[in-house]
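> Quick one, model25.txt (compact mmCIF, C-alpha atoms):
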```txt
# COMPACT_ATOMS: atom_id res chain seq x y z
CA ALA A 267 123.95 106.89 112.65
CA GLU A 268 121.97 104.85 115.17
CA VAL A 269 123.16 107.01 118.07
CA GLU A 270 122.21 110.21 116.27
CA TYR A 271 118.78 108.85 115.40
CA ARG A 272 118.17 108.00 119.05
CA LYS A 273 119.16 111.53 120.08
CA ALA A 274 116.81 113.05 117.51
CA ILE A 275 113.91 110.86 118.64
CA ASP A 276 114.55 111.68 122.29
CA ILE A 277 114.28 115.37 121.45
CA SER A 278 111.12 114.91 119.38
CA GLN A 279 109.55 112.71 122.03
CA ARG A 280 110.24 115.34 124.67
CA LEU A 281 108.72 118.02 122.46
CA THR A 282 105.62 115.90 121.96
CA ASN A 283 105.30 115.10 125.66
CA GLU A 284 105.59 118.79 126.59
CA SER A 285 103.57 120.21 123.70
CA SER A 286 100.67 121.60 125.74
CA ASP A 287 102.02 125.13 125.27
CA LEU A 288 102.13 124.73 121.50
CA SER A 289 99.30 125.65 119.17
CA PRO A 290 97.02 122.77 118.08
CA LEU A 291 98.62 122.84 114.63
CA HIS A 292 102.13 122.57 116.03
CA GLN A 293 101.06 119.78 118.36
CA LEU A 294 99.83 117.82 115.34
CA MET A 295 103.00 118.56 113.43
CA SER A 296 105.18 117.36 116.31
CA ARG A 297 103.22 114.10 116.50
CA GLN A 298 103.41 113.62 112.76
CA PHE A 299 107.16 114.26 112.71
CA LEU A 300 107.74 111.85 115.59
CA GLY A 301 105.87 109.12 113.71
CA ILE A 302 107.94 109.70 110.58
CA GLN A 303 111.14 109.64 112.63
CA ARG A 304 110.18 106.34 114.25
CA THR A 305 109.58 104.78 110.84
CA SER A 306 112.87 106.13 109.49
CA PHE A 307 114.68 104.76 112.53
CA GLY A 308 113.00 101.42 111.96
CA ASN A 309 114.30 101.43 108.39
CA LEU A 310 117.81 102.11 109.65
CA LEU A 311 117.62 99.31 112.22
CA ALA A 312 116.32 96.89 109.58
CA ALA A 313 119.20 97.88 107.28
CA ILE A 314 121.79 97.08 109.98
CA ASN A 315 120.18 93.71 110.72
CA LYS A 316 118.29 94.56 113.89
CA PRO A 317 114.83 93.40 112.80
CA VAL A 318 113.32 92.98 116.27
CA GLU A 319 114.21 96.54 117.25
CA ALA A 320 113.03 97.74 113.85
CA GLU A 321 109.64 96.09 114.34
CA ALA A 322 109.32 97.84 117.71
CA GLN A 323 109.97 101.24 116.13
CA TYR A 324 107.44 100.59 113.38
CA GLY A 325 104.92 99.60 116.02
CA ILE A 326 105.36 102.89 117.87
CA ALA A 327 105.13 104.83 114.60
CA ILE A 328 101.95 103.00 113.60
CA ASP A 329 100.32 103.73 116.97
CA ILE A 330 101.11 107.44 116.58
CA GLN A 331 99.95 107.60 112.98
CA ARG A 332 96.79 105.57 113.58
CA GLU A 333 95.83 108.01 116.34
CA LEU A 334 96.36 110.93 113.96
CA VAL A 335 94.27 109.26 111.25
CA ASP A 336 91.45 108.47 113.66
CA SER A 337 91.33 112.02 115.02
CA HIS A 338 91.84 113.77 111.65
CA PRO A 339 90.52 111.45 108.90
CA GLN A 340 90.35 114.34 106.42
CA VAL A 341 94.15 114.86 106.49
CA THR A 342 95.34 112.49 103.77
CA VAL A 343 99.03 112.87 104.57
CA PHE A 344 98.43 111.17 107.93
CA ALA A 345 96.88 108.18 106.16
CA HIS A 346 99.75 108.17 103.65
CA ASN A 347 102.32 108.06 106.47
CA LEU A 348 100.45 105.23 108.20
CA ALA A 349 100.41 103.16 105.01
CA ALA A 350 104.13 103.80 104.51
CA SER A 351 104.86 102.52 108.01
CA TYR A 352 102.83 99.39 107.35
CA VAL A 353 104.80 98.78 104.16
CA SER A 354 108.13 99.21 105.96
CA LEU A 355 107.02 96.83 108.71
CA SER A 356 105.91 94.31 106.10
CA GLU A 357 109.28 94.39 104.36
CA THR A 358 111.07 93.72 107.63
CA LEU A 359 108.68 90.90 108.55
CA ALA A 360 109.13 89.25 105.15
CA GLY A 361 112.91 89.56 105.40
CA ASN A 362 112.81 88.03 108.85
CA GLY A 363 111.00 84.89 107.77
CA LYS A 364 107.45 85.99 108.64
CA PRO A 365 105.67 86.03 105.26
CA ALA A 366 102.16 85.46 106.66
CA GLU A 367 102.48 88.44 109.00
CA ALA A 368 104.02 90.49 106.19
CA LEU A 369 101.05 89.74 103.95
CA LYS A 370 98.56 90.71 106.65
CA VAL A 371 100.29 94.06 107.17
CA ARG A 372 100.57 94.69 103.43
CA LYS A 373 96.81 94.26 103.15
CA LEU A 374 96.29 96.87 105.87
CA ALA A 375 98.41 99.26 103.83
CA LYS A 376 96.48 98.40 100.67
CA ALA A 377 93.14 99.32 102.25
CA ILE A 378 94.50 102.75 103.17
CA GLN A 379 96.18 103.28 99.79
CA GLN A 380 93.02 102.32 97.91
CA LYS A 381 91.04 104.86 99.91
CA LEU A 382 93.64 107.53 99.14
CA VAL A 383 93.47 106.75 95.43
CA ASP A 384 89.67 106.87 95.51
CA THR A 385 89.70 110.15 97.44
CA GLU A 386 92.47 111.88 95.46
CA PRO A 387 92.79 110.13 92.09
CA SER A 388 94.86 112.97 90.65
CA VAL A 389 97.80 112.33 93.02
CA THR A 390 100.20 110.22 90.98
CA ALA A 391 102.24 109.20 94.03
CA TYR A 392 99.21 107.52 95.61
CA GLN A 393 98.64 105.52 92.43
CA GLU A 394 102.30 104.50 92.39
CA HIS A 395 102.28 103.33 95.99
CA LEU A 396 99.14 101.26 95.46
CA PHE A 397 100.66 99.73 92.32
CA ASN A 398 103.80 98.67 94.17
CA ASN A 399 101.85 97.25 97.08
CA LEU A 400 99.47 95.22 94.90
CA TYR A 401 102.47 93.83 93.03
CA TYR A 402 104.25 92.68 96.20
CA ILE A 403 101.04 91.36 97.73
CA GLY A 404 100.73 89.23 94.61
CA HIS A 405 104.15 87.73 95.15
CA LEU A 406 103.50 87.10 98.85
CA LEU A 407 100.26 85.33 97.95
CA LYS A 408 102.06 83.18 95.40
CA GLN A 409 104.72 82.30 97.99
CA ALA A 410 101.88 81.21 100.28
CA GLY A 411 100.63 78.85 97.58
CA LYS A 412 97.67 81.09 96.64
CA HIS A 413 98.67 81.35 93.00
CA ASP A 414 95.36 82.50 91.54
CA GLU A 415 94.98 85.23 94.18
CA GLY A 416 98.57 86.26 93.55
CA LEU A 417 98.03 86.59 89.82
CA ALA A 418 94.83 88.56 90.48
CA SER A 419 96.71 91.04 92.66
CA ILE A 420 99.47 91.48 90.09
CA GLY A 421 96.76 91.90 87.45
CA ALA A 422 95.15 94.61 89.59
CA SER A 423 98.48 96.44 89.73
CA LEU A 424 98.58 96.28 85.92
CA THR A 425 95.19 98.00 85.82
CA ILE A 426 96.70 100.98 87.63
CA ARG A 427 99.47 101.25 85.04
CA LYS A 428 96.84 101.18 82.27
CA ARG A 429 94.89 103.94 83.95
CA MET A 430 97.98 106.13 84.32
CA ALA A 431 99.07 105.55 80.71
CA ASP A 432 95.58 106.55 79.52
CA LYS A 433 95.61 109.66 81.69
CA TYR A 434 99.09 110.72 80.57
CA ASN A 435 98.81 109.49 77.00
CA ASP A 436 101.27 112.09 75.74
CA LYS A 437 104.02 111.08 78.18
CA PRO A 438 106.11 108.10 76.97
CA LYS A 439 107.36 107.42 80.50
CA PHE A 440 103.96 106.12 81.59
CA HIS A 441 103.70 103.87 78.53
CA SER A 442 107.14 102.45 79.25
CA LEU A 443 106.04 101.72 82.82
CA LEU A 444 102.91 100.02 81.45
CA ALA A 445 105.06 97.85 79.20
CA ALA A 446 107.22 96.89 82.19
CA ALA A 447 104.07 95.96 84.13
CA TYR A 448 102.90 93.71 81.29
CA ASN A 449 106.36 92.15 81.24
CA ASP A 450 106.21 91.43 84.98
CA PHE A 451 102.71 90.01 84.61
CA GLY A 452 104.05 87.79 81.83
CA ASN A 453 106.80 86.55 84.16
CA ALA A 454 104.21 85.69 86.82
CA LEU A 455 102.04 83.87 84.27
CA GLN A 456 105.03 81.93 82.95
CA ARG A 457 105.99 80.79 86.46
CA ALA A 458 102.39 79.68 86.95
CA GLY A 459 102.64 77.53 83.81
CA LYS A 460 100.22 79.70 81.82
CA LEU A 461 102.48 79.96 78.80
CA ASP A 462 99.97 81.15 76.19
CA GLU A 463 98.82 83.96 78.47
CA SER A 464 102.40 84.88 79.30
CA ILE A 465 103.27 85.16 75.60
CA ASP A 466 100.28 87.47 75.12
CA ALA A 467 101.52 89.66 78.00
CA TYR A 468 105.09 89.74 76.63
CA GLU A 469 103.88 90.61 73.13
CA THR A 470 101.72 93.42 74.52
CA ALA A 471 104.73 94.71 76.45
CA LEU A 472 106.85 94.55 73.30
CA ALA A 473 104.29 96.45 71.21
CA ILE A 474 103.94 99.22 73.79
CA GLN A 475 107.68 99.54 74.35
CA ARG A 476 108.35 99.65 70.61
CA LYS A 477 106.00 102.64 70.33
CA VAL A 478 107.95 104.32 73.14
CA VAL A 479 111.22 103.73 71.27
CA ASP A 480 109.70 105.09 68.07
CA ALA A 481 108.48 108.18 69.95
CA LEU A 482 111.91 108.72 71.53
CA PRO A 483 114.36 107.65 68.79
CA THR A 484 117.40 109.17 70.50
CA ALA A 485 116.62 107.89 74.02
CA LEU A 486 118.64 104.94 75.28
CA GLU A 487 116.61 104.20 78.43
CA PRO A 488 113.83 102.13 76.76
CA LEU A 489 116.20 99.94 74.74
CA PRO A 490 117.17 97.46 77.51
CA TYR A 491 113.47 96.93 78.24
CA LEU A 492 112.74 96.38 74.56
CA ALA A 493 115.52 93.78 74.40
CA ALA A 494 114.20 92.09 77.55
CA HIS A 495 110.72 91.73 76.02
CA HIS A 496 112.24 90.02 72.96
CA MET A 497 114.26 87.71 75.23
CA ASN A 498 111.21 86.76 77.26
CA ILE A 499 109.21 85.87 74.18
CA GLY A 500 112.14 83.84 72.89
CA SER A 501 112.49 81.95 76.18
CA ILE A 502 109.13 80.21 75.81
```
Would you mind writing the structure in this file as structure tokens?

Amino acid sequence: AEVEYRKAIDISQRLTNESSDLSPLHQLMSRQFLGIQRTSFGNLLAAINKPVEAEAQYGIAIDIQRELVDSHPQVTVFAHNLAASYVSLSETLAGNGKPAEALKVRKLAKAIQQKLVDTEPSVTAYQEHLFNNLYYIGHLLKQAGKHDEGLASIGASLTIRKRMADKYNDKPKFHSLLAAAYNDFGNALQRAGKLDESIDAYETALAIQRKVVDALPTALEPLPYLAAHHMNIGSI
């Protein structure tokens, strides 16, 4: 796979380098595609335990995507791709024993994702990506000994789940996700020694998930989560 990726990138890089005969739109598209390819190749290299080479590919992708964002700030997909590359780089840095650098990069992604959510609040995917990033930032902060900041970040991710459940009130899926977020927040509170607050979070998760089960009496998917909420309450 690595060899084929390198061949594909060589072709795309050549196309980008010789794109003066292309229309402005196709020049942009070739740059965008090259950035996405570089990030994908970085993901592959990280997966086969070549973190240094992966970081280099992410760096090239980020340079390409930052240039696109700077020159075309109104094109949200460019900003989305840049944030995704930051997240991929952060995961590799964290896995390679560089949590401080990973946290710094995650925060760069968060700033972009927050702007995307503010600009296009109706795009569910942008909300989801910001939720995930806030959650992992919270855990990186806690690992760095910044427990209160970590809990605040995880709490901010919970706010996104609340907003989505309110918006899609008739869709049980979003309520189940909200319950899971409360459960995760309860776990973080329990590890921080805030047992009363963690019980409140678990009980809120249980109440929400029970409504999901009642709304979907034949569905099996929510049942493991419902059982987990009971277990968590019983563990304290």
> Tell me which of A:Val343, A:Ala320, A:Leu424, A:Leu300 sits closest to A:Ser278, counting all atoms listed in the file.
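Selected residue with least distance to A:Ser278: A:Leu300.
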> Which one is closest to A:Met497: A:Asn453, A:Thr484, A:Asn309, A:Ser285? Count only C-alpha atoms.
A:Asn453
> With all atoms listed in the file as the atoms that count, which of A:Asp414, A:Glu319, A:Glu268, A:Asp384 lies nearest to A:Arg457?
A:Asp414
> Give me, as a ChimeraX atom specification, all polymer residues having an atom no more than 10 Å from A:Tyr401, counting all atoms listed in the file and skipping those fewer than 6 positions away in the same chain.
/A:395,416-424,447,450-451
> Leaving out A:Leu311 and any residue of its chain fewer than 2 positions from it, which residues lie within 10 Å of it when counting only C-alpha atoms, given as a VMD selection string?
chain A and resid 267 to 268 305 to 309 313 to 321 323 358
> For A:Lys408, which residue out of A:Ser442, A:Ala391, A:Lys437, A:Leu455 is the nearest one, using all atoms listed in the file?
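For A:Lys408, the nearest of the candidates is A:Leu455.
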> Find the residues around stretch 427-432 of chain A up to 6 Å (all atoms listed in the file counted), leave out those fewer than 4 positions away in its own chain, and share them as JSON, numbers by chain.
{"A": [440, 441, 444]}
> Separation of atom CA of A:Ala467 and atom CA of A:Gly452, in Å?
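It comes out at 5.0 Å.
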> Using atom CA of A:His495 and atom CA of A:Leu472 as the two end points, give the distance in Å to one decimal.
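Atom CA of A:His495 sits 5.5 Å away from atom CA of A:Leu472.
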> For atom CA of A:Leu492 and atom CA of A:Ser388, determine how far apart the two atoms are, in Å to one decimal place.
29.2 Å
> For A:Asn398, which residue among A:Ile499, A:Arg272, A:Ala377, A:Val353 is the nearest when counting only C-alpha atoms?
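Nearest candidate to A:Asn398 out of A:Ile499, A:Arg272, A:Ala377, A:Val353: A:Val353.
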> Write stretch 353-370 of chain A as a CSV table (one decimal), in the frame of the given file, completed to N, CA and C atoms.

```csv
chain,number,residue,atom,x,y,z
A,353,VAL,N,104.0,99.4,105.2
A,353,VAL,CA,104.8,98.8,104.2
A,353,VAL,C,106.2,98.5,104.7
A,354,SER,N,106.8,99.4,105.4
A,354,SER,CA,108.1,99.2,106.0
A,354,SER,C,108.1,98.0,106.9
A,355,LEU,N,107.1,98.0,107.8
A,355,LEU,CA,107.0,96.8,108.7
A,355,LEU,C,106.9,95.5,107.9
A,356,SER,N,106.1,95.5,106.9
A,356,SER,CA,105.9,94.3,106.1
A,356,SER,C,107.2,93.8,105.5
A,357,GLU,N,108.0,94.8,105.0
A,357,GLU,CA,109.3,94.4,104.4
A,357,GLU,C,110.2,93.7,105.4
A,358,THR,N,110.2,94.3,106.6
A,358,THR,CA,111.1,93.7,107.6
A,358,THR,C,110.6,92.3,108.1
A,359,LEU,N,109.3,92.2,108.2
A,359,LEU,CA,108.7,90.9,108.6
A,359,LEU,C,109.0,89.8,107.5
A,360,ALA,N,108.8,90.2,106.2
A,360,ALA,CA,109.1,89.2,105.2
A,360,ALA,C,110.6,88.9,105.1
A,361,GLY,N,111.5,89.8,105.4
A,361,GLY,CA,112.9,89.6,105.4
A,361,GLY,C,113.3,88.8,106.6
A,362,ASN,N,112.5,88.7,107.6
A,362,ASN,CA,112.8,88.0,108.8
A,362,ASN,C,112.1,86.7,108.9
A,363,GLY,N,111.6,86.2,107.8
A,363,GLY,CA,111.0,84.9,107.8
A,363,GLY,C,109.6,84.8,108.3
A,364,LYS,N,108.8,86.0,108.2
A,364,LYS,CA,107.4,86.0,108.6
A,364,LYS,C,106.5,86.4,107.5
A,365,PRO,N,106.4,85.6,106.4
A,365,PRO,CA,105.7,86.0,105.3
A,365,PRO,C,104.2,86.2,105.5
A,366,ALA,N,103.6,85.4,106.4
A,366,ALA,CA,102.2,85.5,106.7
A,366,ALA,C,101.8,86.8,107.3
A,367,GLU,N,102.7,87.2,108.3
A,367,GLU,CA,102.5,88.4,109.0
A,367,GLU,C,102.7,89.6,108.0
A,368,ALA,N,103.7,89.4,107.2
A,368,ALA,CA,104.0,90.5,106.2
A,368,ALA,C,102.8,90.7,105.3
A,369,LEU,N,102.2,89.6,104.8
A,369,LEU,CA,101.0,89.7,104.0
A,369,LEU,C,99.9,90.4,104.6
A,370,LYS,N,99.7,90.1,105.9
A,370,LYS,CA,98.6,90.7,106.6
A,370,LYS,C,98.8,92.2,106.8
```
